[in-house]
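**Q** Below is the file start_19.cif, which contains mmCIF, N, CA and C atoms.
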```
data_final
loop_
_atom_site.label_atom_id
_atom_site.label_comp_id
_atom_site.auth_asym_id
_atom_site.auth_seq_id
_atom_site.Cartn_x
_atom_site.Cartn_y
_atom_site.Cartn_z
N MET A 8 0.84 -1.19 0.00
CA MET A 8 0.00 0.00 0.00
C MET A 8 0.88 1.25 0.00
N ILE A 9 0.49 2.24 -0.75
CA ILE A 9 1.26 3.47 -0.87
C ILE A 9 0.80 4.44 0.23
N ASP A 10 1.74 4.88 1.07
CA ASP A 10 1.41 5.81 2.13
C ASP A 10 1.29 7.23 1.60
N LYS A 11 2.17 7.59 0.69
CA LYS A 11 2.15 8.94 0.13
C LYS A 11 1.83 8.86 -1.34
N LYS A 12 1.25 9.93 -1.84
CA LYS A 12 1.00 10.02 -3.27
C LYS A 12 1.07 11.48 -3.68
N PHE A 13 1.26 11.68 -4.97
CA PHE A 13 1.26 13.03 -5.52
C PHE A 13 -0.16 13.56 -5.50
N GLU A 14 -0.33 14.78 -5.04
CA GLU A 14 -1.65 15.39 -4.93
C GLU A 14 -1.65 16.75 -5.63
N ALA A 15 -2.83 17.16 -6.06
CA ALA A 15 -2.98 18.39 -6.83
C ALA A 15 -2.48 19.64 -6.11
N ASN A 16 -2.61 19.66 -4.78
CA ASN A 16 -2.25 20.86 -4.03
C ASN A 16 -0.79 20.89 -3.58
N MET A 17 0.00 19.84 -3.93
CA MET A 17 1.41 19.87 -3.55
C MET A 17 2.20 20.73 -4.54
N THR A 18 3.28 21.29 -4.06
CA THR A 18 4.10 22.13 -4.93
C THR A 18 5.00 21.26 -5.80
N VAL A 19 5.50 21.88 -6.84
CA VAL A 19 6.45 21.20 -7.71
C VAL A 19 7.68 20.80 -6.90
N SER A 20 8.12 21.67 -6.01
CA SER A 20 9.26 21.36 -5.15
C SER A 20 9.01 20.11 -4.32
N ASP A 21 7.81 20.00 -3.76
CA ASP A 21 7.45 18.81 -2.98
C ASP A 21 7.43 17.57 -3.86
N ALA A 22 6.93 17.71 -5.08
CA ALA A 22 6.88 16.57 -6.01
C ALA A 22 8.29 16.11 -6.38
N LEU A 23 9.17 17.05 -6.63
CA LEU A 23 10.55 16.70 -6.97
C LEU A 23 11.26 16.05 -5.79
N ALA A 24 10.92 16.48 -4.58
CA ALA A 24 11.52 15.90 -3.38
C ALA A 24 10.96 14.50 -3.09
N MET A 25 9.72 14.28 -3.49
CA MET A 25 9.08 13.00 -3.20
C MET A 25 9.66 11.85 -4.01
N HIS A 26 10.01 12.13 -5.26
CA HIS A 26 10.56 11.06 -6.10
C HIS A 26 11.55 11.67 -7.09
N PRO A 27 12.74 11.11 -7.18
CA PRO A 27 13.77 11.68 -8.06
C PRO A 27 13.40 11.65 -9.55
N SER A 28 12.51 10.75 -9.94
CA SER A 28 12.13 10.67 -11.35
C SER A 28 10.96 11.57 -11.72
N ALA A 29 10.44 12.32 -10.76
CA ALA A 29 9.35 13.25 -11.06
C ALA A 29 9.79 14.26 -12.13
N ARG A 30 11.05 14.62 -12.11
CA ARG A 30 11.56 15.59 -13.11
C ARG A 30 11.37 15.06 -14.52
N TRP A 31 11.45 13.73 -14.69
CA TRP A 31 11.29 13.15 -16.02
C TRP A 31 9.83 13.15 -16.47
N VAL A 32 8.92 13.06 -15.51
CA VAL A 32 7.49 13.19 -15.85
C VAL A 32 7.24 14.62 -16.35
N PHE A 33 7.76 15.61 -15.62
CA PHE A 33 7.61 16.99 -16.06
C PHE A 33 8.25 17.19 -17.44
N ALA A 34 9.40 16.62 -17.65
CA ALA A 34 10.09 16.75 -18.94
C ALA A 34 9.27 16.12 -20.06
N ALA A 35 8.60 15.01 -19.78
CA ALA A 35 7.78 14.36 -20.80
C ALA A 35 6.63 15.26 -21.26
N TYR A 36 6.19 16.13 -20.38
CA TYR A 36 5.14 17.09 -20.73
C TYR A 36 5.74 18.40 -21.25
N HIS A 37 7.05 18.42 -21.46
CA HIS A 37 7.77 19.61 -21.94
C HIS A 37 7.63 20.78 -20.98
N ILE A 38 7.69 20.46 -19.70
CA ILE A 38 7.64 21.48 -18.65
C ILE A 38 9.06 21.64 -18.12
N ALA A 39 9.87 22.35 -18.84
CA ALA A 39 11.27 22.51 -18.45
C ALA A 39 11.39 23.41 -17.23
N GLY A 40 10.48 24.33 -17.08
CA GLY A 40 10.54 25.26 -15.95
C GLY A 40 10.53 24.59 -14.61
N CYS A 41 9.91 23.42 -14.52
CA CYS A 41 9.81 22.73 -13.24
C CYS A 41 11.15 22.19 -12.78
N THR A 42 12.06 22.02 -13.70
CA THR A 42 13.36 21.49 -13.29
C THR A 42 14.46 22.55 -13.34
N SER A 43 14.19 23.71 -13.94
CA SER A 43 15.25 24.70 -14.07
C SER A 43 14.88 26.09 -13.56
N CYS A 44 13.63 26.35 -13.27
CA CYS A 44 13.20 27.69 -12.85
C CYS A 44 12.85 27.68 -11.36
N SER A 45 13.55 28.43 -10.58
CA SER A 45 13.33 28.41 -9.13
C SER A 45 11.95 28.91 -8.74
N SER A 46 11.37 29.85 -9.49
CA SER A 46 10.06 30.38 -9.12
C SER A 46 8.94 29.38 -9.38
N SER A 47 9.09 28.52 -10.37
CA SER A 47 8.02 27.59 -10.68
C SER A 47 7.92 26.46 -9.66
N THR A 48 8.95 26.24 -8.88
CA THR A 48 8.90 25.15 -7.90
C THR A 48 7.92 25.43 -6.78
N ALA A 49 7.51 26.69 -6.62
CA ALA A 49 6.53 27.05 -5.60
C ALA A 49 5.10 26.88 -6.08
N GLU A 50 4.92 26.66 -7.38
CA GLU A 50 3.57 26.45 -7.92
C GLU A 50 3.06 25.07 -7.54
N THR A 51 1.74 24.98 -7.41
CA THR A 51 1.14 23.67 -7.15
C THR A 51 1.00 22.92 -8.48
N LEU A 52 0.79 21.62 -8.36
CA LEU A 52 0.58 20.83 -9.58
C LEU A 52 -0.67 21.29 -10.31
N THR A 53 -1.68 21.75 -9.59
CA THR A 53 -2.88 22.31 -10.23
C THR A 53 -2.52 23.54 -11.05
N GLU A 54 -1.71 24.42 -10.49
CA GLU A 54 -1.32 25.64 -11.20
C GLU A 54 -0.50 25.30 -12.44
N VAL A 55 0.39 24.32 -12.33
CA VAL A 55 1.19 23.90 -13.47
C VAL A 55 0.29 23.35 -14.57
N ALA A 56 -0.63 22.47 -14.19
CA ALA A 56 -1.53 21.87 -15.17
C ALA A 56 -2.38 22.94 -15.85
N THR A 57 -2.87 23.87 -15.09
CA THR A 57 -3.67 24.96 -15.66
C THR A 57 -2.83 25.82 -16.59
N GLY A 58 -1.65 26.20 -16.14
CA GLY A 58 -0.78 27.07 -16.93
C GLY A 58 -0.33 26.45 -18.24
N TYR A 59 -0.12 25.14 -18.23
CA TYR A 59 0.33 24.45 -19.44
C TYR A 59 -0.81 23.76 -20.18
N GLN A 60 -2.04 24.00 -19.73
CA GLN A 60 -3.24 23.42 -20.34
C GLN A 60 -3.12 21.89 -20.45
N LEU A 61 -2.77 21.27 -19.32
CA LEU A 61 -2.62 19.82 -19.23
C LEU A 61 -3.77 19.24 -18.42
N PRO A 62 -4.16 18.02 -18.73
CA PRO A 62 -5.17 17.37 -17.89
C PRO A 62 -4.56 16.99 -16.54
N LEU A 63 -5.03 17.61 -15.47
CA LEU A 63 -4.47 17.41 -14.14
C LEU A 63 -4.50 15.94 -13.74
N GLU A 64 -5.60 15.26 -13.99
CA GLU A 64 -5.70 13.87 -13.59
C GLU A 64 -4.65 12.99 -14.27
N ARG A 65 -4.35 13.28 -15.52
CA ARG A 65 -3.33 12.51 -16.24
C ARG A 65 -1.94 12.78 -15.67
N LEU A 66 -1.66 14.05 -15.39
CA LEU A 66 -0.38 14.41 -14.79
C LEU A 66 -0.20 13.71 -13.45
N LEU A 67 -1.25 13.74 -12.61
CA LEU A 67 -1.18 13.07 -11.32
C LEU A 67 -1.02 11.56 -11.47
N ALA A 68 -1.74 10.98 -12.42
CA ALA A 68 -1.63 9.54 -12.64
C ALA A 68 -0.21 9.17 -13.07
N ASP A 69 0.38 9.97 -13.95
CA ASP A 69 1.75 9.70 -14.40
C ASP A 69 2.74 9.83 -13.24
N LEU A 70 2.58 10.86 -12.43
CA LEU A 70 3.46 11.02 -11.28
C LEU A 70 3.27 9.88 -10.28
N ASN A 71 2.02 9.53 -9.99
CA ASN A 71 1.76 8.47 -9.03
C ASN A 71 2.20 7.11 -9.52
N SER A 72 2.30 6.95 -10.82
CA SER A 72 2.78 5.67 -11.35
C SER A 72 4.24 5.42 -10.96
N LEU A 73 4.95 6.49 -10.62
CA LEU A 73 6.33 6.34 -10.15
C LEU A 73 6.39 5.60 -8.82
N LEU A 74 5.30 5.65 -8.08
CA LEU A 74 5.27 5.09 -6.73
C LEU A 74 4.79 3.65 -6.68
N GLY A 75 4.33 3.14 -7.82
CA GLY A 75 3.77 1.80 -7.77
C GLY A 75 4.03 0.98 -9.00
N GLU A 76 3.15 0.04 -9.23
CA GLU A 76 3.31 -0.94 -10.29
C GLU A 76 3.17 -0.34 -11.68
N GLY A 77 2.58 0.83 -11.82
CA GLY A 77 2.29 1.39 -13.13
C GLY A 77 3.46 2.09 -13.80
N ALA A 78 4.66 1.97 -13.29
CA ALA A 78 5.80 2.69 -13.85
C ALA A 78 6.06 2.33 -15.31
N ALA A 79 5.92 1.06 -15.67
CA ALA A 79 6.15 0.65 -17.06
C ALA A 79 5.11 1.24 -17.99
N GLU A 80 3.86 1.26 -17.55
CA GLU A 80 2.81 1.84 -18.38
C GLU A 80 3.02 3.34 -18.56
N ALA A 81 3.45 4.01 -17.50
CA ALA A 81 3.70 5.45 -17.59
C ALA A 81 4.82 5.75 -18.56
N SER A 82 5.88 4.94 -18.52
CA SER A 82 6.99 5.14 -19.45
C SER A 82 6.53 4.96 -20.90
N ALA A 83 5.71 3.96 -21.13
CA ALA A 83 5.19 3.72 -22.48
C ALA A 83 4.28 4.88 -22.91
N ALA A 84 3.47 5.39 -22.00
CA ALA A 84 2.59 6.50 -22.34
C ALA A 84 3.40 7.75 -22.67
N HIS A 85 4.47 8.01 -21.91
CA HIS A 85 5.32 9.17 -22.19
C HIS A 85 5.98 9.02 -23.56
N ALA A 86 6.46 7.84 -23.86
CA ALA A 86 7.12 7.62 -25.15
C ALA A 86 6.14 7.82 -26.28
N ALA A 87 4.90 7.38 -26.11
CA ALA A 87 3.89 7.54 -27.14
C ALA A 87 3.55 9.01 -27.36
N ARG A 88 3.50 9.79 -26.26
CA ARG A 88 3.18 11.21 -26.40
C ARG A 88 4.31 11.97 -27.09
N ARG A 89 5.54 11.52 -26.89
CA ARG A 89 6.69 12.21 -27.48
C ARG A 89 6.87 11.85 -28.95
N ALA A 90 6.31 10.73 -29.39
CA ALA A 90 6.48 10.28 -30.76
C ALA A 90 5.69 11.10 -31.74
#
```
Let's see the structure in the file written out as structure tokens.
**A**
Amino acid sequence: MIDKKFEANMTVSDALAMHPSARWVFAAYHIAGCTSCSSSTAETLTEVATGYQLPLERLLADLNSLLGEGAAEASAAHAARRA
């Protein structure tokens, strides 16, 4: 059972601290600011999704897949979106 999970109201900084591969999820969505811009790390995942016009539930699902069995599916989904 997963004790922690990525949530809409957590900051980008918290997400990056929670899992080292979170930066790659952001990169898959072409959100470079989350890994290189100090001001964007204070934004919540909701604010990021809104600002980049991303489906919040999909972003959260991709991030949460890092914490469980869905990591392979998330990697395949990211590769498909980049193709």
**Q** For region 15-27 of chain A, work out the shell of residues within 6 Å, counting all atoms listed in the file and skipping chain neighbours fewer than 2 positions away, then give it as a CSV table (one decimal) with N, CA and C atoms, in the frame of the given file.
**A**
```csv
chain,number,residue,atom,x,y,z
A,13,PHE,N,1.3,11.7,-5.0
A,13,PHE,CA,1.3,13.0,-5.5
A,13,PHE,C,-0.2,13.6,-5.5
A,29,ALA,N,10.4,12.3,-10.8
A,29,ALA,CA,9.4,13.2,-11.1
A,29,ALA,C,9.8,14.3,-12.1
A,30,ARG,N,11.0,14.6,-12.1
A,30,ARG,CA,11.6,15.6,-13.1
A,30,ARG,C,11.4,15.1,-14.5
A,31,TRP,N,11.4,13.7,-14.7
A,31,TRP,CA,11.3,13.2,-16.0
A,31,TRP,C,9.8,13.2,-16.5
A,47,SER,N,9.1,28.5,-10.4
A,47,SER,CA,8.0,27.6,-10.7
A,47,SER,C,7.9,26.5,-9.7
A,48,THR,N,9.0,26.2,-8.9
A,48,THR,CA,8.9,25.2,-7.9
A,48,THR,C,7.9,25.4,-6.8
A,49,ALA,N,7.5,26.7,-6.6
A,49,ALA,CA,6.5,27.0,-5.6
A,49,ALA,C,5.1,26.9,-6.1
A,50,GLU,N,4.9,26.7,-7.4
A,50,GLU,CA,3.6,26.4,-7.9
A,50,GLU,C,3.1,25.1,-7.5
A,51,THR,N,1.7,25.0,-7.4
A,51,THR,CA,1.1,23.7,-7.2
A,51,THR,C,1.0,22.9,-8.5
A,52,LEU,N,0.8,21.6,-8.4
A,52,LEU,CA,0.6,20.8,-9.6
A,52,LEU,C,-0.7,21.3,-10.3
A,53,THR,N,-1.7,21.8,-9.6
A,53,THR,CA,-2.9,22.3,-10.2
A,53,THR,C,-2.5,23.5,-11.0
```
**Q** Please compute the atom C of Val55 (chain A)-CA of Ala35 (chain A) distance, one decimal, in Å.
**A**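 Going from atom C of Val55 (chain A) over to CA of Ala35 (chain A), I get 13.3 Å.
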**Q** Residues within 10 Å of (0.3, 10.9, -9.8), file coordinates, counting only C-alpha atoms: what are they? Give the list as a ChimeraX atom specification.
**A** /A:12-15,22,29,32,52,63-75
**Q** May I ask for the distance between atom C of Pro62 (chain A) and atom C of Ser28 (chain A), given in Å to one decimal place?
**A** 17.1 Å
**Q** What is the atom N of Lys11 (chain A)-atom N of His37 (chain A) distance in Å, reported with one decimal?
**A**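 It comes out at 25.1 Å.
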**Q** Could I get region 10-54 of chain A from the block written out with C-alpha atoms, as a compact mmCIF listing (two decimals), in the first residue's frame?
**A**
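Saved the output as selection_21.txt:
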```txt
# COMPACT_ATOMS: atom_id res chain seq x y z
CA ASP A 10 1.41 5.81 2.13
CA LYS A 11 2.15 8.94 0.13
CA LYS A 12 1.00 10.02 -3.27
CA PHE A 13 1.26 13.03 -5.52
CA GLU A 14 -1.65 15.39 -4.93
CA ALA A 15 -2.98 18.39 -6.83
CA ASN A 16 -2.25 20.86 -4.03
CA MET A 17 1.41 19.87 -3.55
CA THR A 18 4.10 22.13 -4.93
CA VAL A 19 6.45 21.20 -7.71
CA SER A 20 9.26 21.36 -5.15
CA ASP A 21 7.45 18.81 -2.98
CA ALA A 22 6.88 16.57 -6.01
CA LEU A 23 10.55 16.70 -6.97
CA ALA A 24 11.52 15.90 -3.38
CA MET A 25 9.08 13.00 -3.20
CA HIS A 26 10.56 11.06 -6.10
CA PRO A 27 13.77 11.68 -8.06
CA SER A 28 12.13 10.67 -11.35
CA ALA A 29 9.35 13.25 -11.06
CA ARG A 30 11.56 15.59 -13.11
CA TRP A 31 11.29 13.15 -16.02
CA VAL A 32 7.49 13.19 -15.85
CA PHE A 33 7.61 16.99 -16.06
CA ALA A 34 10.09 16.75 -18.94
CA ALA A 35 7.78 14.36 -20.80
CA TYR A 36 5.14 17.09 -20.73
CA HIS A 37 7.77 19.61 -21.94
CA ILE A 38 7.64 21.48 -18.65
CA ALA A 39 11.27 22.51 -18.45
CA GLY A 40 10.54 25.26 -15.95
CA CYS A 41 9.81 22.73 -13.24
CA THR A 42 13.36 21.49 -13.29
CA SER A 43 15.25 24.70 -14.07
CA CYS A 44 13.20 27.69 -12.85
CA SER A 45 13.33 28.41 -9.13
CA SER A 46 10.06 30.38 -9.12
CA SER A 47 8.02 27.59 -10.68
CA THR A 48 8.90 25.15 -7.90
CA ALA A 49 6.53 27.05 -5.60
CA GLU A 50 3.57 26.45 -7.92
CA THR A 51 1.14 23.67 -7.15
CA LEU A 52 0.58 20.83 -9.58
CA THR A 53 -2.88 22.31 -10.23
CA GLU A 54 -1.32 25.64 -11.20
```
